[in-house]
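Let me begin by presenting the structure, written as structure tokens, before commenting on it.
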Amino acid sequence: MPNPIKDIKKEVDKLRDEINFHNYRYYVLDSPVVSDAEYDKLMRGLIELEAKYPELITTESPTQRVGAKPSEAFGTVKHTMAMLSIENSFSIEETKKFDASVRKELGINHEIEYVVEPKIDGLAVELIYENGVFTTGSTRGDGYTGEDITQNLKTIRSIPMRLLTSPSASHSPLRAPFRLEVRGEVFLSIKAFKKINKELEERGEVLFANARNAAAGSLRQLDSKITALRPLDIFCYGIGTVKGVQFTTHFETLNALKAFGLKINPLVKICNGIDEAIDYHSQMEEKRDGLPYGVDGIVIKVNNLELQERLGVRTRYPKWVLAYKFKAREGTTRIKDIIADVGRTGALTPVAVMEPVEIGDITGSVTITRATLHNQDEIDRKDVRIGDTVVVARAGDVIPEVVMVIKEKRTGKEKTYTIPHECPSCHSKIERIGKIHYCTGGLSCPAQIKETIKHFVSKRAMDIEGLGDKHIEQFVDDGLIMDVADLYYIKKSDLLKLERWAEKSADNLIDAIEKSKTPTLPRLIYGLGIRQVGEHMAHVLAEEFGTLEAIMEADKDRLLSVRDIGPETAESIYDFFQEPHNRKVIEKLKKAGVVVSQMKMRVPSGRGKLSGKTFLFTGALESFSRDKAKELVEKHGGKVAAGISKGVDYVVVGTEPGSKYDEAKKKGLKIITEEEFKKIVD
Ligand code: IVH
């Protein structure tokens with residue numbers, strides 16, 4: 001007699017195995033073997049069967065990842081083996097010291113084999129698999145007892161509900177151990193973190209300070225349905241108590257976890273000796289910004305488990321492992337004062353003046369004393385006060401910003417701040433447009449004048465060499481210049497009257513100013529600092545109108561007829577040139593002999609000898625800067641691409657080319673040398 005329920009159970013098991021396998025392909029290996037539709041079909045089949053035969057539902061069924069009722073509070077889980085911390089190192093010396101003490105303790109004088117791994121910036125969790133089934137998941141807690149977050153961990157698709165080795169799984173040769181405690185770091189990708197914060201912002205809610213906090217907030221949700229909406233992920237990096245399986249090295253352990261279907265970081269490596277580990281640290285620090293998840297250092301582990309055991313544990317840290325940290329991107333410091341910075345357009349930016357704090361980036365550490373607070377709304381939202389202890393951060397080239405206040409550190413003496421009603425530089429009235437406060441002083445405001453001139457002389461505008469911000473401040477404060485045109489009327493004798501100026505420096509500056517008198521049209525337009533007109537728009541205007549005079553004569557409709565120019569930009573350009581002061585300055589520039597160099601004018605695309613041709617540069621060129629090379633190509637009507645694509649006609653390769661060179665070779669693009677490039681543009 002056939003047993004129908006037994007057959008159905010078989011079918012259910014088969015579906016679950018298949019679904020688990022496809023989850024693994026998709027979430028762990030990132031290489032699915034079925035389409036989403038096929039996957040959905042399997043899932044629907046399983047849901048239907050389980051609905052019909054609820055007695056067959058098990059807690060580890062893939063249908064049970066989401067859907068549990070919200071809890072009142074988390075239960076606790078005692079770790080059978082303590083989840084300890086790791087000792088930190090911040091330098092090569094400290095890292096070498098660690099190696100020396102490992103060798104001394106073990107009495108070994110040859111190189112030690114280490115496993116190195118990225119130190120993921122997330123939250124430590126423990127996953128318990130009993131006979132191949134995920135039964136309990138917990139946070140690290142105090143290291144001895146954590147919170148039971150099983151339900152939330154089940155929403156993470158890269159955590160298998162069953163190990164790939166369970167008896168019914170046909171995909172792995174390993175047998176599931178009786179008990180396997182896996183440890184790993186749960187994290188959110190940078191992209192997911194940004195998306196969550198954007199959504200929170202749109203809803204006017206408090207943002208997460210960083211991806212780590214967002215991951216923690218998501219994982220410790222009492223309602224697992226909310227956790228399920230956050231695309232959390234995991235990298236497993238170790239084990240706790242295991243029964244029914246044995247390993248001899250850490251690397252072997254990781255490979256076994258991988259075979260069990262758990263997600264292991266692909267950048268894990270074996271190193272022979274500490275110097276290789278130190279090299280890995282610098283490679284990873286360089287890679288750091290390109291990784292899709294946050295990494296705050298590397299972890300160096302003695303590979304041999306017997307040696308690990310012999311080394312044992314100090315009080316809080318095992319002696320076989322070291323976290324060699326990267327330079328922090330975040331720091332904690334105190335706000336001494338808040339001031340309002342007046343920008344070129346008159347916009348006031350509140351800036352926190354802080355006690356110095358060291359913050360690192362790829363190029364090294366920098367001491368930071370100022371951080372932007374963006375605008376009044378942001379100050380209010382984060383409730384930042386003078387005297388507060390705050391977290392400041394910088395990422396890439398971005399200006400440091402105040403991320404959050406550590407409210408626990410408040411003493412009650414902190415003072416709130418509001419942007420003043422008067423401009424701190426010229427005392428004109430302040431008006432608010434949208435989120436931004438503006439000084440209404442226009443070009444009678446020294447701060448705006450200074451910023452306008454700084455922009456005008458900058459590298460991508462008139463490029464006056466050797467004229468720094470400090471000089472401009474001095475010239476404006478001493479009344480030597482009031483607008484950008486005044487620069488061209490400075491005499492050597494004027495400079496010699498000022499503090500810190502001597503014959504040679506004065507000659508050099510006069511020379512540099514003279515040299516800047518023949519800019520290209522886009523550079524001049526960009527340098528004028530018209531609101532909404534960046535470098536790209538300056539090129540658009542130059543191409544369309546050909547001369548500054550033509551742009552000045554254009555009315556709003558004419559400007560609007562240009563592709564790329566929207567109403568706001570048209571208005572801003574029109575208003576700029578209607579302003580009598582601006583017309584006067586332009587007149588003064590002309591009188592001083594500032595003329596657009598026709599020679600260097602970009603030939604509208606479609607007309608030059610390189611029209612329709614696209615160039616890409618990789619590596620350093622000997623005879624020109626990147627900007628110059630770009631200008632040359634554009635002068636002849638060609639284009640410069642930023643990345644490899646089929647549309648690139650020539651890849652110009654300089655010394656030490658980057659990965660684009662390899663890509664170009666792979667794609668079979670035409671590769672030329674700098675000499676050949678010179679011949680083409682000559
Ligand atoms: S091993 C006893 N490996 O860093 C050693 N930890 O600062 C146990 N972490 O609590 C940890 N990536 O949350 C290890 N590849 C990695 C890691 C890692 C991140 C975290 C983990 C640990 C913390 C210590």
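Simple scheme: letters A, B, ... for chains in structure tokens order, numbers from 1 for residues in each chain, numbers from 1 for ligands in the order shown.
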Every residue of region 389-602 of chain A that DSSP places in strand (DSSP E), as an MDAnalysis selection string: chainID A and resid 389:393 401:405 430:433 436:439
Could you report the residues within 6 Å of ligand 1, using only C-alpha atoms and all ligand atoms, as an MDAnalysis selection string? chainID A and resid 84:86 117:121 123:124 185 237 299 318
Computed gap from CA of Glu451 (chain A) to CA of Gly546 (chain A) is 27.5 Å
Neighbour list for Ile159 (chain A) as a PDB file with N, CA, C and O atoms, in the first residue's frame, cut-off 10 Å, only C-alpha atoms, skip fewer than 4 positions in-chain:
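Everything below was put into out06.pdb:
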ATOM      1  N   ASN A  20      16.900  25.334  -1.036  1.00  0.00           N
ATOM      2  CA  ASN A  20      18.107  25.655  -0.263  1.00  0.00           C
ATOM      3  C   ASN A  20      19.321  25.751  -1.170  1.00  0.00           C
ATOM      4  O   ASN A  20      20.169  26.629  -1.016  1.00  0.00           O
ATOM      5  N   ASN A  23      19.106  28.976  -3.085  1.00  0.00           N
ATOM      6  CA  ASN A  23      19.443  30.088  -2.187  1.00  0.00           C
ATOM      7  C   ASN A  23      20.950  30.213  -2.092  1.00  0.00           C
ATOM      8  O   ASN A  23      21.511  31.299  -2.124  1.00  0.00           O
ATOM      9  N   TYR A  24      21.592  29.067  -1.906  1.00  0.00           N
ATOM     10  CA  TYR A  24      23.041  29.025  -1.763  1.00  0.00           C
ATOM     11  C   TYR A  24      23.738  29.570  -3.019  1.00  0.00           C
ATOM     12  O   TYR A  24      24.624  30.403  -2.947  1.00  0.00           O
ATOM     13  N   TYR A  27      22.662  33.555  -2.980  1.00  0.00           N
ATOM     14  CA  TYR A  27      23.085  34.456  -1.897  1.00  0.00           C
ATOM     15  C   TYR A  27      24.515  34.216  -1.425  1.00  0.00           C
ATOM     16  O   TYR A  27      25.155  35.114  -0.917  1.00  0.00           O
ATOM     17  N   VAL A  28      24.998  32.995  -1.540  1.00  0.00           N
ATOM     18  CA  VAL A  28      26.360  32.731  -1.054  1.00  0.00           C
ATOM     19  C   VAL A  28      27.360  32.816  -2.200  1.00  0.00           C
ATOM     20  O   VAL A  28      28.357  33.505  -2.129  1.00  0.00           O
ATOM     21  N   LEU A 127      25.884  31.056  15.022  1.00  0.00           N
ATOM     22  CA  LEU A 127      24.813  30.242  14.433  1.00  0.00           C
ATOM     23  C   LEU A 127      25.036  28.810  14.903  1.00  0.00           C
ATOM     24  O   LEU A 127      26.142  28.293  14.789  1.00  0.00           O
ATOM     25  N   PHE A 134      19.818  24.604  11.125  1.00  0.00           N
ATOM     26  CA  PHE A 134      20.024  25.841  11.875  1.00  0.00           C
ATOM     27  C   PHE A 134      18.969  25.939  12.965  1.00  0.00           C
ATOM     28  O   PHE A 134      17.779  26.020  12.673  1.00  0.00           O
ATOM     29  N   LEU A 153      17.880  36.194  12.203  1.00  0.00           N
ATOM     30  CA  LEU A 153      18.953  35.620  11.373  1.00  0.00           C
ATOM     31  C   LEU A 153      18.377  34.768  10.244  1.00  0.00           C
ATOM     32  O   LEU A 153      18.966  34.663   9.175  1.00  0.00           O
ATOM     33  N   LYS A 154      17.209  34.195  10.502  1.00  0.00           N
ATOM     34  CA  LYS A 154      16.580  33.380   9.449  1.00  0.00           C
ATOM     35  C   LYS A 154      16.203  34.224   8.231  1.00  0.00           C
ATOM     36  O   LYS A 154      16.028  33.693   7.143  1.00  0.00           O
ATOM     37  N   THR A 155      16.063  35.537   8.427  1.00  0.00           N
ATOM     38  CA  THR A 155      15.694  36.373   7.277  1.00  0.00           C
ATOM     39  C   THR A 155      16.901  36.632   6.368  1.00  0.00           C
ATOM     40  O   THR A 155      16.759  37.171   5.291  1.00  0.00           O
ATOM     41  N   LEU A 163      22.549  22.818   6.507  1.00  0.00           N
ATOM     42  CA  LEU A 163      23.867  22.751   5.882  1.00  0.00           C
ATOM     43  C   LEU A 163      23.757  21.936   4.605  1.00  0.00           C
ATOM     44  O   LEU A 163      22.927  21.032   4.509  1.00  0.00           O
ATOM     45  N   ASP A 233      23.654  40.662   5.368  1.00  0.00           N
ATOM     46  CA  ASP A 233      24.465  39.601   4.795  1.00  0.00           C
ATOM     47  C   ASP A 233      25.433  39.125   5.878  1.00  0.00           C
ATOM     48  O   ASP A 233      25.515  39.729   6.948  1.00  0.00           O
ATOM     49  N   ILE A 234      26.179  38.075   5.593  1.00  0.00           N
ATOM     50  CA  ILE A 234      27.110  37.549   6.612  1.00  0.00           C
ATOM     51  C   ILE A 234      28.389  37.032   5.969  1.00  0.00           C
ATOM     52  O   ILE A 234      28.364  36.570   4.818  1.00  0.00           O
ATOM     53  N   PHE A 235      29.500  37.172   6.669  1.00  0.00           N
ATOM     54  CA  PHE A 235      30.708  36.417   6.347  1.00  0.00           C
ATOM     55  C   PHE A 235      31.061  35.609   7.587  1.00  0.00           C
ATOM     56  O   PHE A 235      31.174  36.167   8.682  1.00  0.00           O
ATOM     57  N   CYS A 236      31.200  34.290   7.419  1.00  0.00           N
ATOM     58  CA  CYS A 236      31.542  33.445   8.552  1.00  0.00           C
ATOM     59  C   CYS A 236      33.057  33.366   8.669  1.00  0.00           C
ATOM     60  O   CYS A 236      33.754  33.265   7.658  1.00  0.00           O
ATOM     61  N   GLY A 261      28.148  25.208   2.828  1.00  0.00           N
ATOM     62  CA  GLY A 261      27.210  26.165   2.236  1.00  0.00           C
ATOM     63  C   GLY A 261      27.189  27.502   2.949  1.00  0.00           C
ATOM     64  O   GLY A 261      26.334  28.340   2.678  1.00  0.00           O
ATOM     65  N   LEU A 262      28.146  27.710   3.868  1.00  0.00           N
ATOM     66  CA  LEU A 262      28.190  28.995   4.573  1.00  0.00           C
ATOM     67  C   LEU A 262      29.032  29.983   3.773  1.00  0.00           C
ATOM     68  O   LEU A 262      29.894  29.587   2.984  1.00  0.00           O
ATOM     69  N   LYS A 263      28.780  31.251   3.999  1.00  0.00           N
ATOM     70  CA  LYS A 263      29.455  32.268   3.192  1.00  0.00           C
ATOM     71  C   LYS A 263      30.776  32.701   3.849  1.00  0.00           C
ATOM     72  O   LYS A 263      30.785  33.134   4.997  1.00  0.00           O
TER      73      LYS A 263
END
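With only C-alpha atoms as the basis for measurement, A:Val133 is the residue among A:Val133, A:Ala216, A:Val295, A:Val33 that approaches Thr58 (chain A) most closely.
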Long-range neighbours of region 606-615 of chain A as a VMD selection string, 6 Å cut-off, only C-alpha atoms, 4 positions minimum in chain: chain A and resid 636 to 640 648 to 651
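Look at Val476 (chain A): the protein and nucleic acid residues within 10 Å of it, using only C-alpha atoms and passing over chain neighbours fewer than 6 places away, are Pro446, Ala447, Ile449, Lys450, Ile453, Met482 and Asp483 of chain A.
You will find CA of Val633 (chain A) at 11.1 Å from CA of Phe617 (chain A).
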Spatial neighbours of region 337-346 of chain A, 9 Å, only C-alpha atoms, chain gap at least 4 places, as number ranges by chain: A: 350-354, 373, 385-387, 417, 419-420, 423-425, 437-442, 445, 447-455, 529-531
Could you name the residues that touch Leu528 (chain A) at 12 Å or less, counting only C-alpha atoms, but leaving out those on the same chain fewer than 4 positions away, as a tab-separated table (two decimals) with all heavy atoms, in the first residue's frame?
chain	number	residue	atom	x	y	z
A	344	ARG	N	30.88	81.50	-1.66
A	344	ARG	CA	30.93	82.36	-2.84
A	344	ARG	C	29.57	82.91	-3.22
A	344	ARG	O	29.42	84.04	-3.65
A	344	ARG	CB	31.50	81.49	-3.97
A	344	ARG	CG	31.53	82.04	-5.32
A	344	ARG	CD	32.51	81.23	-6.14
A	344	ARG	NE	32.15	79.82	-6.24
A	344	ARG	CZ	31.31	79.32	-7.14
A	344	ARG	NH1	30.71	80.11	-7.99
A	344	ARG	NH2	31.07	78.03	-7.19
A	345	THR	N	28.55	82.07	-3.06
A	345	THR	CA	27.21	82.49	-3.47
A	345	THR	C	26.48	83.17	-2.32
A	345	THR	O	25.32	83.52	-2.45
A	345	THR	CB	26.38	81.26	-3.89
A	345	THR	OG1	26.35	80.38	-2.76
A	345	THR	CG2	26.96	80.56	-5.07
A	449	ILE	N	33.34	88.13	-1.61
A	449	ILE	CA	34.38	88.58	-2.56
A	449	ILE	C	35.56	87.62	-2.52
A	449	ILE	O	36.03	87.14	-3.55
A	449	ILE	CB	34.84	90.02	-2.21
A	449	ILE	CG1	33.69	90.99	-2.40
A	449	ILE	CG2	36.05	90.42	-3.06
A	449	ILE	CD1	34.00	92.41	-1.93
A	451	GLU	N	35.73	84.50	-1.55
A	451	GLU	CA	35.42	83.18	-2.10
A	451	GLU	C	35.28	83.23	-3.62
A	451	GLU	O	35.67	82.31	-4.33
A	451	GLU	CB	34.15	82.60	-1.46
A	451	GLU	CG	34.26	82.31	0.02
A	451	GLU	CD	35.46	81.46	0.39
A	451	GLU	OE1	35.67	80.42	-0.26
A	451	GLU	OE2	36.19	81.85	1.32
A	452	THR	N	34.71	84.33	-4.13
A	452	THR	CA	34.56	84.48	-5.58
A	452	THR	C	35.94	84.52	-6.25
A	452	THR	O	36.17	83.88	-7.28
A	452	THR	CB	33.80	85.79	-5.90
A	452	THR	OG1	32.60	85.79	-5.16
A	452	THR	CG2	33.51	85.91	-7.38
A	453	ILE	N	36.85	85.26	-5.63
A	453	ILE	CA	38.18	85.37	-6.22
A	453	ILE	C	38.93	84.04	-6.12
A	453	ILE	O	39.59	83.61	-7.06
A	453	ILE	CB	38.97	86.53	-5.57
A	453	ILE	CG1	38.19	87.85	-5.75
A	453	ILE	CG2	40.37	86.64	-6.17
A	453	ILE	CD1	38.79	89.04	-5.04
A	454	LYS	N	38.79	83.36	-4.97
A	454	LYS	CA	39.45	82.05	-4.82
A	454	LYS	C	39.00	81.11	-5.93
A	454	LYS	O	39.78	80.37	-6.50
A	454	LYS	CB	39.12	81.44	-3.46
A	454	LYS	CG	39.85	82.07	-2.29
A	454	LYS	CD	39.42	81.40	-0.99
A	454	LYS	CE	39.79	82.28	0.20
A	454	LYS	NZ	39.19	81.78	1.45
A	455	HIS	N	37.73	81.15	-6.22
A	455	HIS	CA	37.19	80.28	-7.27
A	455	HIS	C	37.74	80.70	-8.64
A	455	HIS	O	38.15	79.87	-9.44
A	455	HIS	CB	35.67	80.34	-7.27
A	455	HIS	CG	35.03	79.61	-8.41
A	455	HIS	ND1	34.90	78.24	-8.42
A	455	HIS	CD2	34.52	80.05	-9.58
A	455	HIS	CE1	34.34	77.87	-9.55
A	455	HIS	NE2	34.09	78.95	-10.28
A	456	PHE	N	37.77	82.01	-8.88
A	456	PHE	CA	38.23	82.53	-10.17
A	456	PHE	C	39.67	82.11	-10.49
A	456	PHE	O	39.98	81.73	-11.61
A	456	PHE	CB	38.14	84.07	-10.13
A	456	PHE	CG	38.50	84.75	-11.41
A	456	PHE	CD1	37.64	84.75	-12.49
A	456	PHE	CD2	39.71	85.43	-11.54
A	456	PHE	CE1	37.96	85.40	-13.68
A	456	PHE	CE2	40.05	86.08	-12.72
A	456	PHE	CZ	39.17	86.07	-13.79
A	457	VAL	N	40.55	82.13	-9.48
A	457	VAL	CA	41.96	81.82	-9.74
A	457	VAL	C	42.26	80.32	-9.67
A	457	VAL	O	43.37	79.90	-9.96
A	457	VAL	CB	42.90	82.55	-8.75
A	457	VAL	CG1	42.58	84.02	-8.68
A	457	VAL	CG2	42.86	81.93	-7.37
A	458	SER	N	41.26	79.51	-9.29
A	458	SER	CA	41.54	78.10	-9.02
A	458	SER	C	41.99	77.34	-10.26
A	458	SER	O	41.86	77.81	-11.38
A	458	SER	CB	40.29	77.43	-8.41
A	458	SER	OG	39.27	77.39	-9.40
A	460	ARG	N	41.07	74.82	-12.07
A	460	ARG	CA	40.22	74.48	-13.21
A	460	ARG	C	39.59	75.70	-13.86
A	460	ARG	O	38.88	75.58	-14.85
A	460	ARG	CB	39.14	73.48	-12.79
A	460	ARG	CG	39.74	72.30	-12.03
A	460	ARG	CD	38.72	71.26	-11.75
A	460	ARG	NE	38.52	70.45	-12.93
A	460	ARG	CZ	39.12	69.28	-13.13
A	460	ARG	NH1	39.95	68.80	-12.24
A	460	ARG	NH2	38.89	68.60	-14.22
A	461	ALA	N	39.84	76.88	-13.25
A	461	ALA	CA	39.33	78.12	-13.86
A	461	ALA	C	40.53	78.86	-14.47
A	461	ALA	O	41.12	78.35	-15.41
A	461	ALA	CB	38.60	78.95	-12.82
A	462	MET	N	40.91	80.02	-13.95
A	462	MET	CA	41.98	80.80	-14.58
A	462	MET	C	43.37	80.24	-14.27
A	462	MET	O	44.35	80.60	-14.91
A	462	MET	CB	41.89	82.26	-14.14
A	462	MET	CG	40.57	82.92	-14.49
A	462	MET	SD	40.29	83.06	-16.26
A	462	MET	CE	41.17	84.57	-16.59
A	483	ASP	N	37.43	92.92	-6.54
A	483	ASP	CA	36.77	91.97	-7.43
A	483	ASP	C	37.84	91.25	-8.24
A	483	ASP	O	39.03	91.56	-8.15
A	483	ASP	CB	35.75	92.67	-8.33
A	483	ASP	CG	36.40	93.76	-9.17
A	483	ASP	OD1	37.49	93.51	-9.75
A	483	ASP	OD2	35.83	94.87	-9.24
A	484	VAL	N	37.40	90.29	-9.06
A	484	VAL	CA	38.37	89.45	-9.78
A	484	VAL	C	39.20	90.27	-10.78
A	484	VAL	O	40.37	89.96	-11.02
A	484	VAL	CB	37.68	88.28	-10.51
A	484	VAL	CG1	37.02	87.35	-9.51
A	484	VAL	CG2	36.68	88.74	-11.55
A	485	ALA	N	38.61	91.33	-11.33
A	485	ALA	CA	39.33	92.11	-12.33
A	485	ALA	C	40.50	92.87	-11.71
A	485	ALA	O	41.55	93.05	-12.34
A	485	ALA	CB	38.38	93.06	-13.04
A	521	LEU	N	37.54	79.93	-23.36
A	521	LEU	CA	36.24	80.48	-22.99
A	521	LEU	C	35.56	79.69	-21.85
A	521	LEU	O	35.07	80.29	-20.90
A	521	LEU	CB	35.34	80.56	-24.24
A	521	LEU	CG	33.97	81.20	-24.01
A	521	LEU	CD1	34.06	82.57	-23.36
A	521	LEU	CD2	33.20	81.29	-25.33
A	522	PRO	N	35.57	78.34	-21.92
A	522	PRO	CA	34.92	77.62	-20.81
A	522	PRO	C	35.56	77.93	-19.46
A	522	PRO	O	34.88	78.05	-18.45
A	522	PRO	CB	35.12	76.14	-21.18
A	522	PRO	CG	35.37	76.14	-22.64
A	522	PRO	CD	36.04	77.43	-22.99
A	523	ARG	N	36.88	78.06	-19.44
A	523	ARG	CA	37.54	78.35	-18.16
A	523	ARG	C	37.11	79.70	-17.62
A	523	ARG	O	36.89	79.87	-16.42
A	523	ARG	CB	39.06	78.34	-18.35
A	523	ARG	CG	39.67	76.95	-18.29
A	523	ARG	CD	41.16	77.06	-18.58
A	523	ARG	NE	41.82	75.78	-18.48
A	523	ARG	CZ	42.39	75.32	-17.34
A	523	ARG	NH1	42.37	76.05	-16.25
A	523	ARG	NH2	42.96	74.14	-17.33
A	524	LEU	N	37.01	80.68	-18.52
A	524	LEU	CA	36.61	82.02	-18.08
A	524	LEU	C	35.17	82.01	-17.55
A	524	LEU	O	34.88	82.54	-16.48
A	524	LEU	CB	36.75	83.02	-19.24
A	524	LEU	CG	36.29	84.45	-18.92
A	524	LEU	CD1	37.13	85.07	-17.80
A	524	LEU	CD2	36.36	85.35	-20.15
A	532	GLN	N	24.85	77.62	-10.60
A	532	GLN	CA	24.38	76.56	-11.51
A	532	GLN	C	25.31	76.29	-12.69
A	532	GLN	O	25.04	75.41	-13.49
A	532	GLN	CB	22.98	76.86	-12.12
A	532	GLN	CG	21.93	77.27	-11.16
A	532	GLN	CD	21.27	76.07	-10.52
A	532	GLN	OE1	21.36	74.96	-11.01
A	532	GLN	NE2	20.62	76.29	-9.41
A	533	VAL	N	26.37	77.10	-12.84
A	533	VAL	CA	27.25	76.88	-14.00
A	533	VAL	C	28.56	76.26	-13.53
A	533	VAL	O	29.47	76.95	-13.09
A	533	VAL	CB	27.50	78.19	-14.79
A	533	VAL	CG1	28.43	77.93	-15.97
A	533	VAL	CG2	26.17	78.75	-15.28
A	534	GLY	N	28.63	74.95	-13.66
A	534	GLY	CA	29.86	74.22	-13.36
A	534	GLY	C	30.67	74.08	-14.63
A	534	GLY	O	30.37	74.74	-15.64
A	535	GLU	N	31.66	73.20	-14.58
A	535	GLU	CA	32.54	73.05	-15.74
A	535	GLU	C	31.79	72.57	-16.98
A	535	GLU	O	32.01	73.04	-18.08
A	535	GLU	CB	33.64	72.06	-15.42
A	535	GLU	CG	34.82	72.70	-14.77
A	535	GLU	CD	35.91	71.69	-14.55
A	535	GLU	OE1	35.67	70.72	-13.81
A	535	GLU	OE2	37.00	71.86	-15.15
A	538	ALA	N	29.72	75.28	-18.44
A	538	ALA	CA	30.59	76.29	-19.06
A	538	ALA	C	30.97	75.85	-20.48
A	538	ALA	O	30.99	76.64	-21.42
A	538	ALA	CB	31.83	76.51	-18.21
A	548	LEU	N	31.87	85.32	-25.21
A	548	LEU	CA	31.26	85.76	-23.95
A	548	LEU	C	30.17	86.80	-24.25
A	548	LEU	O	29.11	86.78	-23.62
A	548	LEU	CB	32.34	86.37	-23.04
A	548	LEU	CG	31.91	86.69	-21.62
A	548	LEU	CD1	31.44	85.43	-20.89
A	548	LEU	CD2	33.05	87.34	-20.84
A	573	ILE	N	21.87	82.38	-15.17
A	573	ILE	CA	22.83	82.95	-16.13
A	573	ILE	C	22.37	84.35	-16.54
A	573	ILE	O	23.15	85.31	-16.55
A	573	ILE	CB	22.95	82.05	-17.39
A	573	ILE	CG1	23.50	80.67	-17.00
A	573	ILE	CG2	23.85	82.70	-18.44
A	573	ILE	CD1	23.38	79.62	-18.08
A	576	PHE	N	22.77	86.89	-13.79
A	576	PHE	CA	24.18	87.21	-13.56
A	576	PHE	C	24.64	88.33	-14.50
A	576	PHE	O	25.28	89.29	-14.08
A	576	PHE	CB	25.05	85.96	-13.75
A	576	PHE	CG	26.52	86.21	-13.47
A	576	PHE	CD1	27.03	86.04	-12.19
A	576	PHE	CD2	27.38	86.63	-14.49
A	576	PHE	CE1	28.38	86.27	-11.92
A	576	PHE	CE2	28.72	86.87	-14.22
A	576	PHE	CZ	29.22	86.69	-12.94
A	577	PHE	N	24.30	88.16	-15.78
A	577	PHE	CA	24.80	89.14	-16.75
A	577	PHE	C	23.98	90.43	-16.78
A	577	PHE	O	24.42	91.42	-17.34
A	577	PHE	CB	24.89	88.50	-18.14
A	577	PHE	CG	26.01	87.49	-18.23
A	577	PHE	CD1	25.73	86.14	-18.42
A	577	PHE	CD2	27.33	87.88	-18.09
A	577	PHE	CE1	26.76	85.21	-18.49
A	577	PHE	CE2	28.37	86.95	-18.15
A	577	PHE	CZ	28.08	85.61	-18.35
A	582	ASN	N	28.40	92.96	-12.30
A	582	ASN	CA	29.07	91.89	-13.05
A	582	ASN	C	29.51	92.37	-14.43
A	582	ASN	O	30.60	92.02	-14.90
A	582	ASN	CB	28.15	90.68	-13.17
A	582	ASN	CG	27.91	90.02	-11.82
A	582	ASN	OD1	28.72	90.18	-10.91
A	582	ASN	ND2	26.79	89.32	-11.68
A	583	ARG	N	28.67	93.16	-15.07
A	583	ARG	CA	29.03	93.69	-16.41
A	583	ARG	C	30.26	94.59	-16.29
A	583	ARG	O	31.15	94.57	-17.13
A	583	ARG	CB	27.85	94.46	-17.02
A	583	ARG	CG	26.66	93.56	-17.32
A	583	ARG	CD	25.56	94.31	-18.04
A	583	ARG	NE	25.73	94.28	-19.49
A	583	ARG	CZ	25.15	93.39	-20.29
A	583	ARG	NH1	24.35	92.48	-19.79
A	583	ARG	NH2	25.36	93.42	-21.59
A	585	VAL	N	32.63	94.41	-14.03
A	585	VAL	CA	33.82	93.59	-13.79
A	585	VAL	C	34.31	92.98	-15.10
A	585	VAL	O	35.52	92.96	-15.39
A	585	VAL	CB	33.53	92.49	-12.74
A	585	VAL	CG1	34.68	91.49	-12.66
A	585	VAL	CG2	33.29	93.12	-11.38
A	586	ILE	N	33.38	92.52	-15.92
A	586	ILE	CA	33.78	91.91	-17.20
A	586	ILE	C	34.44	92.97	-18.09
A	586	ILE	O	35.47	92.71	-18.74
A	586	ILE	CB	32.56	91.25	-17.88
A	586	ILE	CG1	32.13	90.01	-17.08
A	586	ILE	CG2	32.86	90.86	-19.33
A	586	ILE	CD1	30.79	89.45	-17.44
A	589	LEU	N	37.89	93.48	-16.87
A	589	LEU	CA	38.77	92.37	-17.26
A	589	LEU	C	39.28	92.59	-18.68
A	589	LEU	O	40.46	92.42	-18.98
A	589	LEU	CB	38.00	91.04	-17.21
A	589	LEU	CG	37.84	90.37	-15.84
A	589	LEU	CD1	36.88	89.18	-15.94
A	589	LEU	CD2	39.19	89.89	-15.31
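Restricting the calculation to only C-alpha atoms, the smallest distance between Leu322 (chain A) and any of A:Thr569, A:Thr63, A:Asn88, A:Ser158 is found for A:Asn88.
CA of Ser561 (chain A) to CA of Leu541 (chain A) spans 11.5 Å [interatomic distance, one decimal].
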In region 7-171 of chain A, DSSP helix (DSSP H, G or I) residues written as an MDAnalysis selection string: chainID A and resid 7:28 36:52 54:56 62:64 92:106 150:154
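Residue nearest Val245 (chain A), chosen from A:Arg175, A:His539, A:Arg316, A:Arg220 and counting only C-alpha atoms: A:Arg175.
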